[in-house]
Amino acid sequence: MVSIKFPRPEEGVAVLVDLDRCIGCRACQTACKDWNGKVAEKTQFTGSLTSPRWLTANDWKVVFFYEDKTAKKLLTPAGEVTFSQVDIVPLPYNCMHCAAAPCATACPVGAIKVTGEGAVVINKDECIGCGYCESACPYDVPKKGADGKYHKCTFCVDKIQNGQAPACVEVCPTNVFTFGSAREVIEKAKAEQAKGRQVYGLEVDKYVGGRVRWIYVASGRKSFAVKKHFEDKTPRTTEEIRQLLKPLTLYGGVALVGVLTVWGFAAWRRSRLEERKQAGEGVRE
Amino acid sequence: MDKIEIISRGERITHNWNIVLFTLLVLTGTVLFSIELMGWFAYIIGAPLSSLLGEEPVTIGTQLLRTSHRFIGFAWGALLTVYGLYLLIFRRVEMFRPLTKPLSQQIKEAKELTGHYVLGKPITPDVAQNLDRRDVLASYITLLLFAAVVLISFSGVALVFKEPLGLSPSMAGLMLLLHDVGFMFSLIFVAGHLFAVTHPVNRPLLNAMFDDGKIDLTWLKHHMPRYLARRGVK
C-alpha cells in the first residue's frame, strides 16, 4: 500500500549549478517564491547578505553568501604578483533531491513521493507534520509551516512534467543552472571535474543514494563556498541505525517468535507425553 | 488441596491493564514504525472518515493512530508510575531478589532453567531448593523490560513535547531512535515472557494470574521452596 521506488541516479533529470557564473542577484530565490505562491516575508539583518538565514517553509530556495580570503594573481610588468583578497561567493541552495532521499524513506505515512523524473515531493494533503523527514534530512531542508505540515522545493514538478525547466532555472540571467537529463548533467559534471573544478553531488554518501540531482561546480577560487556549505552535511547516524533496526525488529521478531513457538510446542508435547506416561503407570498400579 | 495466594489482586489488575495498554500501544505504534507493513491497518482505521473529510484514508488513519498512541502512552505511563511508586513505598519490589544471589549461583540457575525450559532437562537439587518466587531468568528479563520502559517513556515524552522543549531535528532523531530501541527491547521481553508463561511447567502460574492469584501448595513446595520458607509456610 505504501512503497517508494527511487529512479536510478542516471535516470530522470538533474541540474548543474555553476557557482562561477552566479552574481547573487537572487532572481532564482524570488522566482521560486513567485511560482509557488509563497508569501513575502520581512527580511532581517543577519550580518550577512543571506536572507533569510536558512530555508523556511515559505523560502524553498535561498541564496547563501560565503566570504573568505582567496589568493588572486595579478600580472604586472615586474612579474606575477599573488595577493590575498576577500571574496564573496553566492551559493543558490534548495532541496538536493537525493537519489535515495532519506526523507522519503523516513516518512511514516508515505507522504513524500519520488516521481519518475527524480523529484522528491511532499504531498501536503498526506503530510501529518510528524517531522521525521526533518530529522532524517542531512541537508536540513524540510521545514514546518504555519499549517503544521512540512514544505520544501518540489523541483517544480508541475513544470518539469510538462516539458519546462524549474522556475529558478528559467529566470537566471547568467545561466548558472543547466537543467537536463540526469545522464547529460552527470557527464557535464564529470567533465568539469576533469578540468580541476570542485564538484559536489557526484559522489556523496550512500545514505542519500550516492548522488544528488543538484550538482554544484566551482573553480578553485570559489570552491570554498561549496566546502563551507556542505562540510557539516553529514548523514544522520540515528536515522541510519533506525533503518537497520527496522528490518531487524520486524524479521528478527518474527524469527524469535517462530523459534520460541517451536520450543514451546516441543515443551508442550513433552509434557503431554509425560502425563500420558504417568497416567499409564497409574493404571498399571 | 491447599492453595495460597501468590499474586495479589493489585498485581493482577495492573498486569491486565498492562496487557491492554501495551497491546494498544504496539498496534498504534507499529503503524508509525512500519507503514509498509501496517498501511492496511491505517487504511481500515481511516477509511470511514476519509469520505467525510475528503482526505486520504491512510493519512487519516495514521493521524488517528498517532494521536491515540500518545494518549494511551500517557495512560500507560500513569499506570506504571502509580504502581511503581506503590511497590517502592511499600517495599514490594520482589522482582530483583534473585539478583542478590552470588553470581556463580545465578549463572548456574540460569543455565539449568534454560535447559529445563528448552530441552526438558531436569533441574539439580541444589538449584531446585533455592528457587524463589521469581527465578533469575525472570529477573534478567525484567531488567530488559525496565530498560525498555525507561527508553520508551523518556523518548516518548521528549517526542511529544519536542517543540516546547526546542529539540533540534538531530536530537528529535535521537529520541526516535531511542524509542525504537526501547520498542525492540520490549518485544524481546514480551516474546520471552509469553514463552515462559505458556510453558507447561508454569501453567499453574498462568491460571493464578488470570484467576484468583492462588496456587496449589504442593506445586509451590516443588517449584518455589525458598519462597515458602520466607513466608514461613511448611
# chains A, B, ... in the order shown; residues from 1 in each chain; ligands from 1
$ interface_residues --of "chain B" --to "chain A" --cutoff "6 Å" --atoms "only C-alpha atoms" --output "number ranges by chain"
B: 32, 35-36, 39, 59, 118, 169-170, 173-174, 177, 200
$ residues_around --residues "stretch 13-15 of chain B" --least-positions-apart "2" --cutoff "10 Å" --atoms "only C-alpha atoms" --output "VMD selection string"
chain B and resid 8 to 11 17 to 21 79 to 80 82 to 83 209 to 210
$ select_by_dssp --residues "stretch 15-210 of chain B" --states "helix (DSSP H, G or I)" --output "number ranges by chain"
B: 15-33, 35-53, 57-89, 97-100, 103-119, 125-128, 136-160, 162-165, 169-198, 200-210
$ atom_distance --atom1 "atom CA of B:Arg133" --atom2 "atom CA of B:Trp76"
25.8 Å
$ residues_around --residues "stretch 19-30 of chain A" --least-positions-apart "5" --cutoff "7 Å" --atoms "only C-alpha atoms" --output "list in words"
Lys61, Val62, Val63, Pro90, Leu91, Cys168, Val171, Cys172, Thr174, Val176, Val217, Ala218, Ser219 and Lys222 of chain A
$ write_last_selection --atoms "C-alpha atoms" --output "short mmCIF file (atom, residue, chain, number, x, y, z; two decimals), in the first residue's frame"
data_model
loop_
_atom_site.label_atom_id
_atom_site.label_comp_id
_atom_site.auth_asym_id
_atom_site.auth_seq_id
_atom_site.Cartn_x
_atom_site.Cartn_y
_atom_site.Cartn_z
CA LYS A 61 15.32 28.39 -2.35
CA VAL A 62 17.79 30.70 -0.64
CA VAL A 63 20.96 32.24 -2.00
CA PRO A 90 26.79 33.42 -3.70
CA LEU A 91 25.51 29.83 -3.49
CA CYS A 168 14.69 29.27 -10.87
CA VAL A 171 14.78 33.12 -14.71
CA CYS A 172 18.54 33.05 -14.10
CA THR A 174 23.65 34.30 -16.18
CA VAL A 176 24.02 29.36 -13.55
CA VAL A 217 30.64 23.01 -9.59
CA ALA A 218 33.05 25.81 -8.73
CA SER A 219 36.54 26.86 -9.70
CA LYS A 222 35.10 29.94 -5.37
#
$ closest_residue --among "A:Lys5, A:Lys206, A:Lys33, A:Lys228" --to "A:Pro166" --atoms "only C-alpha atoms"
A:Lys33
$ decode --residues "stretch 16-57 of chain B" --atoms "C-alpha atoms" --output "PDB file, in the first residue's frame"
ATOM      1  CA  ASN B  16      -4.209  -6.971  32.953  1.00  0.00           C
ATOM      2  CA  TRP B  17      -4.211  -3.222  32.324  1.00  0.00           C
ATOM      3  CA  ASN B  18      -0.607  -3.525  31.187  1.00  0.00           C
ATOM      4  CA  ILE B  19      -1.610  -6.153  28.649  1.00  0.00           C
ATOM      5  CA  VAL B  20      -4.427  -3.999  27.269  1.00  0.00           C
ATOM      6  CA  LEU B  21      -2.497  -0.742  27.137  1.00  0.00           C
ATOM      7  CA  PHE B  22       0.729  -2.262  25.855  1.00  0.00           C
ATOM      8  CA  THR B  23      -1.108  -4.149  23.097  1.00  0.00           C
ATOM      9  CA  LEU B  24      -2.827  -0.939  22.018  1.00  0.00           C
ATOM     10  CA  LEU B  25       0.495   0.887  22.060  1.00  0.00           C
ATOM     11  CA  VAL B  26       2.134  -1.773  19.913  1.00  0.00           C
ATOM     12  CA  LEU B  27      -0.754  -1.726  17.425  1.00  0.00           C
ATOM     13  CA  THR B  28      -0.843   2.059  17.131  1.00  0.00           C
ATOM     14  CA  GLY B  29       2.937   2.487  17.218  1.00  0.00           C
ATOM     15  CA  THR B  30       3.756  -0.211  14.681  1.00  0.00           C
ATOM     16  CA  VAL B  31       1.857   1.763  12.044  1.00  0.00           C
ATOM     17  CA  LEU B  32       4.298   4.653  12.510  1.00  0.00           C
ATOM     18  CA  PHE B  33       7.214   2.247  12.797  1.00  0.00           C
ATOM     19  CA  SER B  34       6.495   0.445   9.560  1.00  0.00           C
ATOM     20  CA  ILE B  35       3.848   1.907   7.276  1.00  0.00           C
ATOM     21  CA  GLU B  36       4.924  -0.555   4.568  1.00  0.00           C
ATOM     22  CA  LEU B  37       3.677  -3.446   6.713  1.00  0.00           C
ATOM     23  CA  MET B  38       0.844  -1.740   8.564  1.00  0.00           C
ATOM     24  CA  GLY B  39      -0.549   0.588   5.899  1.00  0.00           C
ATOM     25  CA  TRP B  40      -3.547  -1.709   5.559  1.00  0.00           C
ATOM     26  CA  PHE B  41      -4.410  -1.174   9.241  1.00  0.00           C
ATOM     27  CA  ALA B  42      -4.158   2.612   8.899  1.00  0.00           C
ATOM     28  CA  TYR B  43      -6.422   2.322   5.852  1.00  0.00           C
ATOM     29  CA  ILE B  44      -9.061   0.389   7.806  1.00  0.00           C
ATOM     30  CA  ILE B  45      -8.998   2.931  10.632  1.00  0.00           C
ATOM     31  CA  GLY B  46      -9.064   5.950   8.328  1.00  0.00           C
ATOM     32  CA  ALA B  47     -11.463   4.765   5.633  1.00  0.00           C
ATOM     33  CA  PRO B  48     -14.734   5.584   7.464  1.00  0.00           C
ATOM     34  CA  LEU B  49     -13.707   9.225   7.988  1.00  0.00           C
ATOM     35  CA  SER B  50     -11.988   9.558   4.635  1.00  0.00           C
ATOM     36  CA  SER B  51     -15.112  10.288   2.615  1.00  0.00           C
ATOM     37  CA  LEU B  52     -16.349  12.740   5.257  1.00  0.00           C
ATOM     38  CA  LEU B  53     -13.116  14.713   5.441  1.00  0.00           C
ATOM     39  CA  GLY B  54     -12.025  14.292   1.832  1.00  0.00           C
ATOM     40  CA  GLU B  55      -8.549  13.139   2.842  1.00  0.00           C
ATOM     41  CA  GLU B  56      -6.544  10.002   2.106  1.00  0.00           C
ATOM     42  CA  PRO B  57      -7.612   7.061   4.304  1.00  0.00           C
TER      43      PRO B  57
END
